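One file, model06.cif, is given below (mmCIF, C-alpha atoms; chains and numbers go by the auth columns).
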data_protein
#
loop_
_atom_site.group_PDB
_atom_site.id
_atom_site.type_symbol
_atom_site.label_atom_id
_atom_site.label_comp_id
_atom_site.label_asym_id
_atom_site.label_seq_id
_atom_site.Cartn_x
_atom_site.Cartn_y
_atom_site.Cartn_z
_atom_site.B_iso_or_equiv
_atom_site.auth_seq_id
_atom_site.auth_asym_id
ATOM 1 C CA MET A 1 5.706 9.810 -2.248 0.00 3 A
ATOM 2 C CA HIS A 2 5.596 7.382 0.655 0.00 4 A
ATOM 3 C CA GLY A 3 2.361 5.680 1.697 0.00 5 A
ATOM 4 C CA GLN A 4 2.350 6.482 5.416 0.00 6 A
ATOM 5 C CA ASN A 5 -0.559 8.954 5.437 0.00 7 A
ATOM 6 C CA ARG A 6 -4.058 7.559 4.901 0.00 8 A
ATOM 7 C CA LYS A 7 -5.280 10.838 3.357 0.00 9 A
ATOM 8 C CA ASP A 8 -2.889 10.372 0.388 0.00 10 A
ATOM 9 C CA ILE A 9 -4.278 6.945 -0.581 0.00 11 A
ATOM 10 C CA TYR A 10 -7.638 6.191 -2.207 0.00 12 A
ATOM 11 C CA PRO A 11 -9.252 3.462 -4.347 0.00 13 A
ATOM 12 C CA GLY A 12 -8.089 3.575 -7.958 0.00 14 A
ATOM 13 C CA LEU A 13 -4.600 4.879 -7.080 0.00 15 A
ATOM 14 C CA GLU A 14 -1.560 3.073 -8.533 0.00 16 A
ATOM 15 C CA VAL A 15 0.880 2.084 -5.778 0.00 17 A
ATOM 16 C CA ASP A 16 3.849 -0.131 -4.991 0.00 18 A
ATOM 17 C CA ILE A 17 3.239 -2.353 -1.964 0.00 19 A
ATOM 18 C CA ILE A 18 5.369 -4.735 0.036 0.00 20 A
ATOM 19 C CA LEU A 19 3.637 -8.065 0.661 0.00 21 A
ATOM 20 C CA LYS A 20 4.058 -9.813 4.034 0.00 22 A
ATOM 21 C CA LYS A 21 6.171 -12.557 2.429 0.00 23 A
ATOM 22 C CA ASP A 22 8.477 -9.934 0.863 0.00 24 A
ATOM 23 C CA GLN A 23 9.153 -7.868 4.000 0.00 25 A
ATOM 24 C CA ARG A 24 12.663 -9.286 4.452 0.00 26 A
ATOM 25 C CA THR A 25 13.731 -8.609 0.861 0.00 27 A
ATOM 26 C CA GLY A 26 11.749 -5.398 0.337 0.00 28 A
ATOM 27 C CA LYS A 27 10.473 -6.617 -3.063 0.00 29 A
ATOM 28 C CA LYS A 28 7.703 -4.328 -4.302 0.00 30 A
ATOM 29 C CA THR A 29 4.502 -5.308 -6.101 0.00 31 A
ATOM 30 C CA ARG A 30 2.661 -2.754 -8.254 0.00 32 A
ATOM 31 C CA GLY A 31 -1.107 -2.544 -8.450 0.00 33 A
ATOM 32 C CA ILE A 32 -4.286 -0.490 -8.150 0.00 34 A
ATOM 33 C CA VAL A 33 -5.812 0.118 -4.690 0.00 35 A
ATOM 34 C CA GLN A 34 -9.206 -1.527 -4.180 0.00 36 A
ATOM 35 C CA ALA A 35 -9.643 -0.860 -0.438 0.00 37 A
ATOM 36 C CA LEU A 36 -7.822 0.687 2.515 0.00 38 A
ATOM 37 C CA LEU A 37 -7.449 -1.704 5.443 0.00 39 A
ATOM 38 C CA THR A 38 -5.664 0.561 7.975 0.00 40 A
ATOM 39 C CA SER A 39 -8.090 2.766 9.900 0.00 41 A
ATOM 40 C CA SER A 40 -5.559 5.107 11.543 0.00 42 A
ATOM 41 C CA ALA A 41 -4.511 8.356 9.807 0.00 43 A
ATOM 42 C CA PHE A 42 -0.785 7.462 9.884 0.00 44 A
ATOM 43 C CA HIS A 43 1.249 4.262 10.007 0.00 45 A
ATOM 44 C CA SER A 44 5.048 4.271 10.169 0.00 46 A
ATOM 45 C CA ARG A 45 5.444 1.158 7.979 0.00 47 A
ATOM 46 C CA GLY A 46 2.797 2.187 5.440 0.00 48 A
ATOM 47 C CA ILE A 47 -0.972 2.036 5.128 0.00 49 A
ATOM 48 C CA LYS A 48 -2.237 -1.514 4.547 0.00 50 A
ATOM 49 C CA VAL A 49 -4.312 -1.894 1.369 0.00 51 A
ATOM 50 C CA ARG A 50 -5.951 -4.561 -0.777 0.00 52 A
ATOM 51 C CA LEU A 51 -5.148 -4.361 -4.491 0.00 53 A
ATOM 52 C CA GLU A 52 -7.710 -5.047 -7.227 0.00 54 A
ATOM 53 C CA ASP A 53 -6.124 -8.473 -7.791 0.00 55 A
ATOM 54 C CA GLY A 54 -6.693 -9.387 -4.117 0.00 56 A
ATOM 55 C CA GLN A 55 -3.133 -9.051 -2.809 0.00 57 A
ATOM 56 C CA ILE A 56 -2.703 -7.327 0.560 0.00 58 A
ATOM 57 C CA GLY A 57 0.315 -5.353 1.694 0.00 59 A
ATOM 58 C CA ARG A 58 1.638 -2.054 3.000 0.00 60 A
ATOM 59 C CA VAL A 59 2.083 0.901 0.647 0.00 61 A
ATOM 60 C CA ALA A 60 5.794 1.537 0.084 0.00 62 A
ATOM 61 C CA GLU A 61 5.372 4.185 -2.605 0.00 63 A
ATOM 62 C CA ILE A 62 2.692 6.033 -4.524 0.00 64 A
ATOM 63 C CA VAL A 63 3.271 5.881 -8.302 0.00 65 A
ATOM 64 C CA ASP A 64 2.934 9.243 -10.071 0.00 66 A
#
Could you quickly redo this structure as C-alpha cells?
Amino acid sequence: MHGQNRKDIYPGLEVDIILKKDQRTGKKTRGIVQALLTSSAFHSRGIKVRLEDGQIGRVAEIVD
C-alpha cells in the first residue's frame, strides 16, 4: 500500500520512507512512525513522517 493518504498512516505503523537525501536514488529506509508531519489528507509524493529513530521522510510504502 502506498503512503499517499493520511488516514492510512498512524504512530506505531511500520513503513518504508524515502529520505530527502535519497530522493534521486529512491533508496528506502524502514522504520516505525512516531509522528505525522503532513497536515493535508493527501499528498502525491507521500505523507511526511518522523520515525522513532528521528529520521524524517515521505512514506513510500506501508509494510504489512
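For Asp66 of chain A, the non-local neighbours within 10 Å, defined as residues at least 5 positions apart in the same chain or in other chains and counting only C-alpha atoms, are Met3, Leu15, Glu16 and Val17 of chain A.
Under the PyMOL selection byres ((chain A and resi 29) around 12), the matching residues in the shown file are Asp18, Ile19, Ile20, Leu21, Lys22, Lys23, Asp24, Gln25, Arg26, Thr27, Gly28, Lys30, Thr31, Arg32, Gly59, Arg60, Val61, Ala62 and Glu63 of chain A.
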So how many Å separate atom CA of Asp55 of chain A and atom CA of Gly5 of chain A, to one decimal?
-> 19.0 Å
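For the structure shown here, the set of residues caught by the PyMOL selection byres ((chain A and resi 10) around 12) is Met3, His4, Gly5, Gln6, Asn7, Arg8, Lys9, Ile11, Tyr12, Pro13, Gly14, Leu15, Glu16, Val17, Val35, Leu38, Ala43, Phe44, Gly48, Ile49, Val61, Glu63, Ile64 and Val65 of chain A.
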What does the PyMOL selection byres ((chain A and resi 52) around 8) select in this file, as a ChimeraX atom specification?
-> /A:35-39,50-51,53-54,56-59
Coordinates of segment 14-51 of chain A, N, CA and C atoms, as a PDB file, in the first residue's frame:
ATOM      1  N   GLY A  14       3.193   4.139  15.295  1.00  0.00           N
ATOM      2  CA  GLY A  14       3.340   2.723  15.595  1.00  0.00           C
ATOM      3  C   GLY A  14       3.321   1.836  14.357  1.00  0.00           C
ATOM      4  N   LEU A  15       2.983   2.412  13.196  1.00  0.00           N
ATOM      5  CA  LEU A  15       2.914   1.668  11.942  1.00  0.00           C
ATOM      6  C   LEU A  15       4.307   1.490  11.346  1.00  0.00           C
ATOM      7  N   GLU A  16       4.590   0.302  10.807  1.00  0.00           N
ATOM      8  CA  GLU A  16       5.885   0.062  10.151  1.00  0.00           C
ATOM      9  C   GLU A  16       5.772   0.479   8.687  1.00  0.00           C
ATOM     10  N   VAL A  17       6.700   1.336   8.251  1.00  0.00           N
ATOM     11  CA  VAL A  17       6.659   1.885   6.896  1.00  0.00           C
ATOM     12  C   VAL A  17       8.052   1.927   6.273  1.00  0.00           C
ATOM     13  N   ASP A  18       8.072   2.044   4.954  1.00  0.00           N
ATOM     14  CA  ASP A  18       9.298   2.352   4.220  1.00  0.00           C
ATOM     15  C   ASP A  18       9.193   3.798   3.793  1.00  0.00           C
ATOM     16  N   ILE A  19      10.214   4.607   4.108  1.00  0.00           N
ATOM     17  CA  ILE A  19      10.211   6.010   3.706  1.00  0.00           C
ATOM     18  C   ILE A  19      11.383   6.282   2.775  1.00  0.00           C
ATOM     19  N   ILE A  20      11.272   7.383   2.058  1.00  0.00           N
ATOM     20  CA  ILE A  20      12.386   7.869   1.251  1.00  0.00           C
ATOM     21  C   ILE A  20      12.862   9.175   1.882  1.00  0.00           C
ATOM     22  N   LEU A  21      14.111   9.174   2.344  1.00  0.00           N
ATOM     23  CA  LEU A  21      14.703  10.360   2.954  1.00  0.00           C
ATOM     24  C   LEU A  21      15.003  11.397   1.870  1.00  0.00           C
ATOM     25  N   LYS A  22      15.089  12.656   2.247  1.00  0.00           N
ATOM     26  CA  LYS A  22      15.385  13.742   1.310  1.00  0.00           C
ATOM     27  C   LYS A  22      16.664  13.453   0.517  1.00  0.00           C
ATOM     28  N   LYS A  23      17.695  12.977   1.197  1.00  0.00           N
ATOM     29  CA  LYS A  23      18.980  12.722   0.533  1.00  0.00           C
ATOM     30  C   LYS A  23      18.912  11.539  -0.435  1.00  0.00           C
ATOM     31  N   ASP A  24      17.882  10.699  -0.304  1.00  0.00           N
ATOM     32  CA  ASP A  24      17.757   9.515  -1.160  1.00  0.00           C
ATOM     33  C   ASP A  24      16.711   9.670  -2.262  1.00  0.00           C
ATOM     34  N   GLN A  25      16.188  10.883  -2.449  1.00  0.00           N
ATOM     35  CA  GLN A  25      15.128  11.078  -3.442  1.00  0.00           C
ATOM     36  C   GLN A  25      15.577  10.741  -4.856  1.00  0.00           C
ATOM     37  N   ARG A  26      16.817  11.038  -5.195  1.00  0.00           N
ATOM     38  CA  ARG A  26      17.305  10.748  -6.555  1.00  0.00           C
ATOM     39  C   ARG A  26      17.424   9.250  -6.806  1.00  0.00           C
ATOM     40  N   THR A  27      17.892   8.508  -5.806  1.00  0.00           N
ATOM     41  CA  THR A  27      18.098   7.068  -5.982  1.00  0.00           C
ATOM     42  C   THR A  27      16.848   6.257  -5.668  1.00  0.00           C
ATOM     43  N   GLY A  28      15.971   6.794  -4.830  1.00  0.00           N
ATOM     44  CA  GLY A  28      14.766   6.063  -4.432  1.00  0.00           C
ATOM     45  C   GLY A  28      15.025   5.021  -3.354  1.00  0.00           C
ATOM     46  N   LYS A  29      16.187   5.103  -2.690  1.00  0.00           N
ATOM     47  CA  LYS A  29      16.532   4.158  -1.617  1.00  0.00           C
ATOM     48  C   LYS A  29      15.550   4.315  -0.458  1.00  0.00           C
ATOM     49  N   LYS A  30      15.022   3.186   0.010  1.00  0.00           N
ATOM     50  CA  LYS A  30      14.022   3.209   1.075  1.00  0.00           C
ATOM     51  C   LYS A  30      14.652   2.885   2.422  1.00  0.00           C
ATOM     52  N   THR A  31      14.100   3.482   3.470  1.00  0.00           N
ATOM     53  CA  THR A  31      14.519   3.255   4.843  1.00  0.00           C
ATOM     54  C   THR A  31      13.305   2.767   5.618  1.00  0.00           C
ATOM     55  N   ARG A  32      13.447   1.653   6.341  1.00  0.00           N
ATOM     56  CA  ARG A  32      12.320   1.093   7.087  1.00  0.00           C
ATOM     57  C   ARG A  32      12.352   1.555   8.533  1.00  0.00           C
ATOM     58  N   GLY A  33      11.158   1.811   9.080  1.00  0.00           N
ATOM     59  CA  GLY A  33      11.083   2.217  10.476  1.00  0.00           C
ATOM     60  C   GLY A  33       9.645   2.292  10.959  1.00  0.00           C
ATOM     61  N   ILE A  34       9.496   2.681  12.217  1.00  0.00           N
ATOM     62  CA  ILE A  34       8.197   2.804  12.873  1.00  0.00           C
ATOM     63  C   ILE A  34       7.830   4.286  12.972  1.00  0.00           C
ATOM     64  N   VAL A  35       6.605   4.636  12.568  1.00  0.00           N
ATOM     65  CA  VAL A  35       6.145   6.025  12.589  1.00  0.00           C
ATOM     66  C   VAL A  35       6.017   6.519  14.029  1.00  0.00           C
ATOM     67  N   GLN A  36       6.641   7.687  14.287  1.00  0.00           N
ATOM     68  CA  GLN A  36       6.485   8.350  15.584  1.00  0.00           C
ATOM     69  C   GLN A  36       5.445   9.461  15.475  1.00  0.00           C
ATOM     70  N   ALA A  37       5.526  10.256  14.370  1.00  0.00           N
ATOM     71  CA  ALA A  37       4.612  11.388  14.205  1.00  0.00           C
ATOM     72  C   ALA A  37       4.380  11.664  12.730  1.00  0.00           C
ATOM     73  N   LEU A  38       3.179  12.156  12.420  1.00  0.00           N
ATOM     74  CA  LEU A  38       2.845  12.587  11.063  1.00  0.00           C
ATOM     75  C   LEU A  38       3.135  14.077  10.956  1.00  0.00           C
ATOM     76  N   LEU A  39       3.839  14.475   9.903  1.00  0.00           N
ATOM     77  CA  LEU A  39       4.230  15.871   9.747  1.00  0.00           C
ATOM     78  C   LEU A  39       3.438  16.588   8.642  1.00  0.00           C
ATOM     79  N   THR A  40       2.763  15.839   7.774  1.00  0.00           N
ATOM     80  CA  THR A  40       1.930  16.442   6.729  1.00  0.00           C
ATOM     81  C   THR A  40       0.528  16.610   7.282  1.00  0.00           C
ATOM     82  N   SER A  41      -0.033  17.813   7.155  1.00  0.00           N
ATOM     83  CA  SER A  41      -1.366  18.062   7.711  1.00  0.00           C
ATOM     84  C   SER A  41      -2.490  17.796   6.718  1.00  0.00           C
ATOM     85  N   SER A  42      -2.187  17.810   5.408  1.00  0.00           N
ATOM     86  CA  SER A  42      -3.245  17.583   4.421  1.00  0.00           C
ATOM     87  C   SER A  42      -3.628  16.106   4.366  1.00  0.00           C
ATOM     88  N   ALA A  43      -4.834  15.808   3.874  1.00  0.00           N
ATOM     89  CA  ALA A  43      -5.352  14.440   3.830  1.00  0.00           C
ATOM     90  C   ALA A  43      -4.669  13.592   2.773  1.00  0.00           C
ATOM     91  N   PHE A  44      -4.110  14.232   1.724  1.00  0.00           N
ATOM     92  CA  PHE A  44      -3.472  13.505   0.624  1.00  0.00           C
ATOM     93  C   PHE A  44      -2.241  14.264   0.158  1.00  0.00           C
ATOM     94  N   HIS A  45      -1.191  13.524  -0.189  1.00  0.00           N
ATOM     95  CA  HIS A  45      -0.013  14.149  -0.794  1.00  0.00           C
ATOM     96  C   HIS A  45       0.507  13.208  -1.862  1.00  0.00           C
ATOM     97  N   SER A  46       0.691  13.730  -3.074  1.00  0.00           N
ATOM     98  CA  SER A  46       1.045  12.898  -4.225  1.00  0.00           C
ATOM     99  C   SER A  46       2.385  12.182  -4.082  1.00  0.00           C
ATOM    100  N   ARG A  47       3.330  12.781  -3.343  1.00  0.00           N
ATOM    101  CA  ARG A  47       4.648  12.159  -3.172  1.00  0.00           C
ATOM    102  C   ARG A  47       4.770  11.372  -1.873  1.00  0.00           C
ATOM    103  N   GLY A  48       3.703  11.323  -1.096  1.00  0.00           N
ATOM    104  CA  GLY A  48       3.713  10.577   0.165  1.00  0.00           C
ATOM    105  C   GLY A  48       3.622  11.492   1.369  1.00  0.00           C
ATOM    106  N   ILE A  49       2.990  10.997   2.407  1.00  0.00           N
ATOM    107  CA  ILE A  49       2.837  11.748   3.656  1.00  0.00           C
ATOM    108  C   ILE A  49       4.199  11.800   4.362  1.00  0.00           C
ATOM    109  N   LYS A  50       4.581  12.985   4.822  1.00  0.00           N
ATOM    110  CA  LYS A  50       5.861  13.143   5.516  1.00  0.00           C
ATOM    111  C   LYS A  50       5.687  12.719   6.973  1.00  0.00           C
ATOM    112  N   VAL A  51       6.623  11.884   7.453  1.00  0.00           N
ATOM    113  CA  VAL A  51       6.563  11.379   8.825  1.00  0.00           C
ATOM    114  C   VAL A  51       7.933  11.449   9.488  1.00  0.00           C
TER     115      VAL A  51
END
